[in-house]
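> For reference, the structure I am asking about is given below.
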Amino acid sequence: MSPLRRTLAAAAALLALATTAACGTDAEAAGQTTTLRYQGSVGQVTLPELAADLGYLGDVKLDWIGNVTGGPADIQATATGQSDFGGAFNGAIVKLAAAGAPITAVVSYYGSDAQTFQGYYVRQDSPIRGPRDLIGRKVGMNTLGAHAEAVLKTWLVQGGLTPAEIGRVELVALPPVNTEQSLRARQIDVAVLGGVIRDKAVANGGIRAVFTDHELLGAFSAGAYVFRDDFIRRNPETVRAFVGGVGRAIEWARTQPRETVVARLEQIIATRGRNEDPSLVRYWKSSGVAGKGGLIVDREFTTWIDWLADAGELKGDRPKPGDIYTNDYNPFASGGGAA
């Protein structure tokens with residue numbers, strides 16, 4: 001394809017995005033990659049998977065290469081080229097970007113609201129009630145250096161604990177599907193539980209929340225999908241189709257009856273053939289994403305930039321949110337992207 005034809009194809013795709021409800025652009029006609037390698041999550045359906053099933057990704061296809069249990073590992077795989085996109089807690093994205101990784105966040109994919117949040121749970125008979133009760137205790141979470149750890153330490157600091165006292169709170173990395181059982185077996189004292197895993201654990205009874213991230217910080221988007229900068233430069237229409245599709249999936253899930261969303265998630269798990277337990281998705285309530293269509297705002301990064309800098313985990317000048325994320329590929333930024 002000549003440079004002129006490639007330019008015209010891209011322009012036509014952009015026009016289609018602005019004037020129709022379709023999320024995808026003609027990335028294939030523009031000579032760009034249309035297959036995205038990614039990592040999934042056992043027993044759960046990611047927003048890109050939902051978007052693909054709803055037909056919102058246009059000519060962009062997903063290539064599942066395995067599962068991952070934590071966001072830092074997911075975006076590290078993206079930064080090193082093992083996958084094409086990955087998602088993580090915004091603070092983990094800040095740390096990786098500050099370390100020099102050429103990545104950019106393009107759309108939010110999870111967060112906390114009144115329905116969907118991460119809670120710090122103990123057994124019903126536990127003496128743990130406040131921050132000081134955690135000194136010398138074990139806290140189980142899906143991965144270290146990410147959302148659960150940042151929120152916990154923010155809570156401990158607000159509770160008046162010194163750095164030395166916070167250092168005596170032992171953090172234990174556990175796969176999300178095993179965290180509830182570890183709490184009940186008394187292998188840990190506190191379990192960080194979120195989303196459908198939390199709802200299932202609460203429904204089983206015998207546990208209570210000490211605090212939640214929603215209570216601590218209010219409603220906010222907490223994590224985003226990232227691409228490598230070189231991938232974005234080579235495949236802007238593919239990224240645009242992906243972001244638009246994920247944004248439409250967020251709004252579809254936000255506006256549909258809960259039973260409709262759960263049925264769709266169950267169907268996806270049943271047909272993708274990964275030998276999974278579908279029970280988790282039956283507890284789905286919301287994505288927790290704050291911004292329409294996954295739009296990102298500065299606060300969702302400055303909160304963690306400031307926290308990491310104050311904790312001494314960032315070297316040199318504090319990065320600017322605008323250097324880490326962009327809404328340029330999200331049609332919802334200009335009022336488009338209707339589902």
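Convention: chains lettered A, B, ... in structure tokens order; per-chain residue numbering from 1; ligands numbered from 1 as shown.
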Taking 3 positions as the minimum chain separation for residues in the same chain, which residues sit within 7 Å of A:Gly91 when counting only C-alpha atoms? Answer as a PyMOL selection string.

chain A and resi 94-95+146-147+301+304-305

> May I have the residues within 6 Å of stretch 54-68 of chain A as a VMD selection string, using only C-alpha atoms and disregarding those fewer than 2 positions away in the same chain?

chain A and resid 23 to 24 34 to 41 51 to 52 70 241 to 242 245

> The selected residues should be written to file as a PDB file, in the first residue's frame (atoms: N, CA and C atoms).


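Result written to result00.pdb:
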```pdb
ATOM      1  N   CYS A  23     -16.724   0.879  17.284  1.00  0.00           N
ATOM      2  CA  CYS A  23     -15.529   1.258  18.039  1.00  0.00           C
ATOM      3  C   CYS A  23     -14.275   1.027  17.234  1.00  0.00           C
ATOM      4  N   GLY A  24     -14.277   0.089  16.305  1.00  0.00           N
ATOM      5  CA  GLY A  24     -13.047  -0.277  15.637  1.00  0.00           C
ATOM      6  C   GLY A  24     -12.745   0.606  14.444  1.00  0.00           C
ATOM      7  N   THR A  34      -3.113  -6.353  13.861  1.00  0.00           N
ATOM      8  CA  THR A  34      -4.506  -6.488  14.280  1.00  0.00           C
ATOM      9  C   THR A  34      -4.716  -7.632  15.262  1.00  0.00           C
ATOM     10  N   THR A  35      -3.640  -8.250  15.718  1.00  0.00           N
ATOM     11  CA  THR A  35      -3.734  -9.299  16.735  1.00  0.00           C
ATOM     12  C   THR A  35      -2.930  -8.859  17.947  1.00  0.00           C
ATOM     13  N   LEU A  36      -3.577  -8.840  19.106  1.00  0.00           N
ATOM     14  CA  LEU A  36      -2.944  -8.379  20.337  1.00  0.00           C
ATOM     15  C   LEU A  36      -2.745  -9.542  21.304  1.00  0.00           C
ATOM     16  N   ARG A  37      -1.497  -9.785  21.667  1.00  0.00           N
ATOM     17  CA  ARG A  37      -1.175 -10.810  22.657  1.00  0.00           C
ATOM     18  C   ARG A  37      -1.420 -10.247  24.063  1.00  0.00           C
ATOM     19  N   TYR A  38      -2.022 -11.081  24.914  1.00  0.00           N
ATOM     20  CA  TYR A  38      -2.345 -10.589  26.258  1.00  0.00           C
ATOM     21  C   TYR A  38      -2.407 -11.744  27.247  1.00  0.00           C
ATOM     22  N   GLN A  39      -2.388 -11.394  28.538  1.00  0.00           N
ATOM     23  CA  GLN A  39      -2.547 -12.373  29.606  1.00  0.00           C
ATOM     24  C   GLN A  39      -3.904 -12.173  30.283  1.00  0.00           C
ATOM     25  N   GLY A  40      -4.543 -13.279  30.620  1.00  0.00           N
ATOM     26  CA  GLY A  40      -5.862 -13.219  31.242  1.00  0.00           C
ATOM     27  C   GLY A  40      -5.802 -13.498  32.725  1.00  0.00           C
ATOM     28  N   SER A  41      -6.972 -13.813  33.281  1.00  0.00           N
ATOM     29  CA  SER A  41      -7.091 -14.092  34.709  1.00  0.00           C
ATOM     30  C   SER A  41      -8.005 -15.292  34.905  1.00  0.00           C
ATOM     31  N   ALA A  51     -15.145  -6.955  25.477  1.00  0.00           N
ATOM     32  CA  ALA A  51     -15.266  -6.113  24.285  1.00  0.00           C
ATOM     33  C   ALA A  51     -15.201  -6.948  23.010  1.00  0.00           C
ATOM     34  N   ALA A  52     -14.290  -7.905  22.978  1.00  0.00           N
ATOM     35  CA  ALA A  52     -14.166  -8.766  21.797  1.00  0.00           C
ATOM     36  C   ALA A  52     -15.436  -9.575  21.590  1.00  0.00           C
ATOM     37  N   GLY A  70      -0.877 -10.931  38.902  1.00  0.00           N
ATOM     38  CA  GLY A  70      -0.640  -9.591  39.408  1.00  0.00           C
ATOM     39  C   GLY A  70      -0.352  -8.593  38.312  1.00  0.00           C
ATOM     40  N   ALA A 241      -8.698   1.397  18.244  1.00  0.00           N
ATOM     41  CA  ALA A 241      -9.785   0.420  18.224  1.00  0.00           C
ATOM     42  C   ALA A 241      -9.886  -0.306  19.562  1.00  0.00           C
ATOM     43  N   PHE A 242      -8.744  -0.660  20.130  1.00  0.00           N
ATOM     44  CA  PHE A 242      -8.719  -1.342  21.426  1.00  0.00           C
ATOM     45  C   PHE A 242      -9.318  -0.455  22.510  1.00  0.00           C
ATOM     46  N   GLY A 245     -12.992   0.100  22.054  1.00  0.00           N
ATOM     47  CA  GLY A 245     -13.746  -1.112  22.361  1.00  0.00           C
ATOM     48  C   GLY A 245     -13.853  -1.370  23.851  1.00  0.00           C
TER      49      GLY A 245
END
```

> From a backbone DSSP assignment, name each residue in stretch 181-264 of chain A labelled strand (DSSP E or B), as a PDB file with N, CA and C atoms, in the first residue's frame.


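Written out: result.pdb:
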```
ATOM      1  N   VAL A 190      -4.924 -11.193  57.749  1.00  0.00           N
ATOM      2  CA  VAL A 190      -5.770 -10.286  56.975  1.00  0.00           C
ATOM      3  C   VAL A 190      -5.700 -10.706  55.513  1.00  0.00           C
ATOM      4  N   ALA A 191      -6.843 -10.696  54.847  1.00  0.00           N
ATOM      5  CA  ALA A 191      -6.895 -11.032  53.429  1.00  0.00           C
ATOM      6  C   ALA A 191      -7.424  -9.832  52.655  1.00  0.00           C
ATOM      7  N   VAL A 192      -6.694  -9.446  51.614  1.00  0.00           N
ATOM      8  CA  VAL A 192      -7.173  -8.379  50.733  1.00  0.00           C
ATOM      9  C   VAL A 192      -8.000  -9.032  49.639  1.00  0.00           C
ATOM     10  N   LEU A 193      -9.283  -8.712  49.616  1.00  0.00           N
ATOM     11  CA  LEU A 193     -10.211  -9.350  48.696  1.00  0.00           C
ATOM     12  C   LEU A 193     -10.940  -8.282  47.896  1.00  0.00           C
ATOM     13  N   GLY A 194     -11.047  -8.500  46.605  1.00  0.00           N
ATOM     14  CA  GLY A 194     -11.715  -7.526  45.748  1.00  0.00           C
ATOM     15  C   GLY A 194     -12.622  -8.168  44.738  1.00  0.00           C
ATOM     16  N   ILE A 207     -16.402 -13.801  58.006  1.00  0.00           N
ATOM     17  CA  ILE A 207     -15.351 -12.805  57.892  1.00  0.00           C
ATOM     18  C   ILE A 207     -15.978 -11.415  57.957  1.00  0.00           C
ATOM     19  N   ARG A 208     -15.149 -10.412  58.278  1.00  0.00           N
ATOM     20  CA  ARG A 208     -15.624  -9.028  58.324  1.00  0.00           C
ATOM     21  C   ARG A 208     -14.530  -8.100  57.806  1.00  0.00           C
ATOM     22  N   ALA A 209     -14.951  -6.954  57.317  1.00  0.00           N
ATOM     23  CA  ALA A 209     -14.007  -5.979  56.785  1.00  0.00           C
ATOM     24  C   ALA A 209     -13.487  -5.075  57.895  1.00  0.00           C
ATOM     25  N   VAL A 210     -12.177  -4.833  57.891  1.00  0.00           N
ATOM     26  CA  VAL A 210     -11.588  -3.851  58.790  1.00  0.00           C
ATOM     27  C   VAL A 210     -11.698  -2.462  58.152  1.00  0.00           C
ATOM     28  N   PHE A 211     -11.405  -2.379  56.854  1.00  0.00           N
ATOM     29  CA  PHE A 211     -11.614  -1.153  56.085  1.00  0.00           C
ATOM     30  C   PHE A 211     -11.592  -1.512  54.611  1.00  0.00           C
ATOM     31  N   THR A 212     -12.000  -0.570  53.756  1.00  0.00           N
ATOM     32  CA  THR A 212     -11.964  -0.779  52.308  1.00  0.00           C
ATOM     33  C   THR A 212     -11.283   0.422  51.644  1.00  0.00           C
ATOM     34  N   PHE A 220     -12.851   5.900  42.631  1.00  0.00           N
ATOM     35  CA  PHE A 220     -11.738   6.260  41.751  1.00  0.00           C
ATOM     36  C   PHE A 220     -11.398   5.088  40.840  1.00  0.00           C
ATOM     37  N   SER A 221     -10.870   5.401  39.659  1.00  0.00           N
ATOM     38  CA  SER A 221     -10.291   4.361  38.805  1.00  0.00           C
ATOM     39  C   SER A 221      -8.892   4.077  39.337  1.00  0.00           C
ATOM     40  N   ALA A 222      -8.561   2.815  39.450  1.00  0.00           N
ATOM     41  CA  ALA A 222      -7.314   2.444  40.130  1.00  0.00           C
ATOM     42  C   ALA A 222      -6.256   1.860  39.216  1.00  0.00           C
ATOM     43  N   GLY A 223      -6.650   1.363  38.058  1.00  0.00           N
ATOM     44  CA  GLY A 223      -5.680   0.713  37.182  1.00  0.00           C
ATOM     45  C   GLY A 223      -5.984   0.982  35.726  1.00  0.00           C
ATOM     46  N   ALA A 224      -4.977   0.828  34.892  1.00  0.00           N
ATOM     47  CA  ALA A 224      -5.127   1.124  33.465  1.00  0.00           C
ATOM     48  C   ALA A 224      -4.388   0.102  32.620  1.00  0.00           C
ATOM     49  N   TYR A 225      -4.802   0.005  31.368  1.00  0.00           N
ATOM     50  CA  TYR A 225      -4.072  -0.800  30.400  1.00  0.00           C
ATOM     51  C   TYR A 225      -2.985   0.059  29.768  1.00  0.00           C
ATOM     52  N   VAL A 226      -1.831  -0.558  29.538  1.00  0.00           N
ATOM     53  CA  VAL A 226      -0.711   0.143  28.923  1.00  0.00           C
ATOM     54  C   VAL A 226      -0.277  -0.575  27.655  1.00  0.00           C
ATOM     55  N   PHE A 227       0.313   0.204  26.756  1.00  0.00           N
ATOM     56  CA  PHE A 227       1.003  -0.308  25.580  1.00  0.00           C
ATOM     57  C   PHE A 227       2.423   0.255  25.597  1.00  0.00           C
ATOM     58  N   ARG A 228       3.330  -0.422  24.916  1.00  0.00           N
ATOM     59  CA  ARG A 228       4.661   0.153  24.706  1.00  0.00           C
ATOM     60  C   ARG A 228       4.542   1.340  23.750  1.00  0.00           C
TER      61      ARG A 228
END
```

> Determine, counting only C-alpha atoms, which protein, DNA and RNA residues have an atom within 6 Å of an atom of stretch 330-337 of chain A; residues of the same chain fewer than 3 positions away are not included. Present the result as number ranges by chain.

A: 243-244, 293, 327

> Return the single residue from A:Val172, A:Leu156, A:Ile269, A:Ala88 that is closest to A:Gly140, with distances computed using only C-alpha atoms.

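The closest residue to A:Gly140 is A:Val172.
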
> If I take atom CA of A:Val261 and atom CA of A:Lys292, how far is one from the other in Å, to one decimal?

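Distance between the two atoms: 17.8 Å.
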
> Assign secondary structure with DSSP using the backbone only, and return the residues of stretch 73-281 of chain A in helix (DSSP H, G or I) as an NGL selection string.

:A and (73-79 or 90-98 or 131-134 or 147-158 or 163-166 or 176-184 or 195-203 or 213-217 or 229-234 or 236-255 or 258-272 or 278-281)

> Which value, in Å to one decimal, gives the distance between atom CA of A:Asp189 and atom CA of A:Gly159?

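Calculated distance between atom CA of A:Asp189 and atom CA of A:Gly159 is 18.3 Å.
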
> By how many Å are atom CA of A:Ala30 and atom CA of A:Asp84 apart?

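Separating atom CA of A:Ala30 from atom CA of A:Asp84 is a distance of 18.3 Å.
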
> For A:Glu170, find every residue with an atom within 7 Å (counting only C-alpha atoms), except residues of its own chain fewer than 2 positions away, and show them as a list in words.

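Residues meeting the cut-off are Gly136, Arg137, Lys138, Val139, Arg168 and Val172 of chain A.
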
> Which one is closest to A:Val297: A:Gly31, A:Gly322, A:Gly247, A:Gly316? Count only C-alpha atoms.

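Closest candidate: A:Gly322.
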
> Enumerate, in order of chain and increasing residue number, the residues of stretch 47-71 of chain A with an atom no farther than 12 Å from stretch 104-114 of chain A, each with its shortest atom pair and distance in Å to one decimal, counting only C-alpha atoms, as a Markdown table.


```
| residue | atom | partner | partner_atom | distance |
| --- | --- | --- | --- | --- |
| A:Leu47 | CA | A:Tyr109 | CA | 6.9 |
| A:Pro48 | CA | A:Tyr109 | CA | 9.1 |
| A:Glu49 | CA | A:Tyr109 | CA | 11.9 |
| A:Leu50 | CA | A:Tyr109 | CA | 11.7 |
| A:Ala51 | CA | A:Tyr109 | CA | 11.8 |
| A:Gly71 | CA | A:Tyr110 | CA | 11.4 |
```

> Okay, now the selection with C-alpha atoms, as a JSON list (two decimals), in the first residue's frame?


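Saved file selection-v5.json follows:
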```
[["chain", "number", "residue", "atom", "x", "y", "z"],
["A", 47, "LEU", "CA", -12.78, -6.00, 29.73],
["A", 48, "PRO", "CA", -10.91, -6.60, 26.45],
["A", 49, "GLU", "CA", -12.33, -10.14, 26.38],
["A", 50, "LEU", "CA", -15.81, -8.75, 26.97],
["A", 51, "ALA", "CA", -15.27, -6.11, 24.28],
["A", 71, "GLY", "CA", -0.58, -6.30, 37.56]]
```
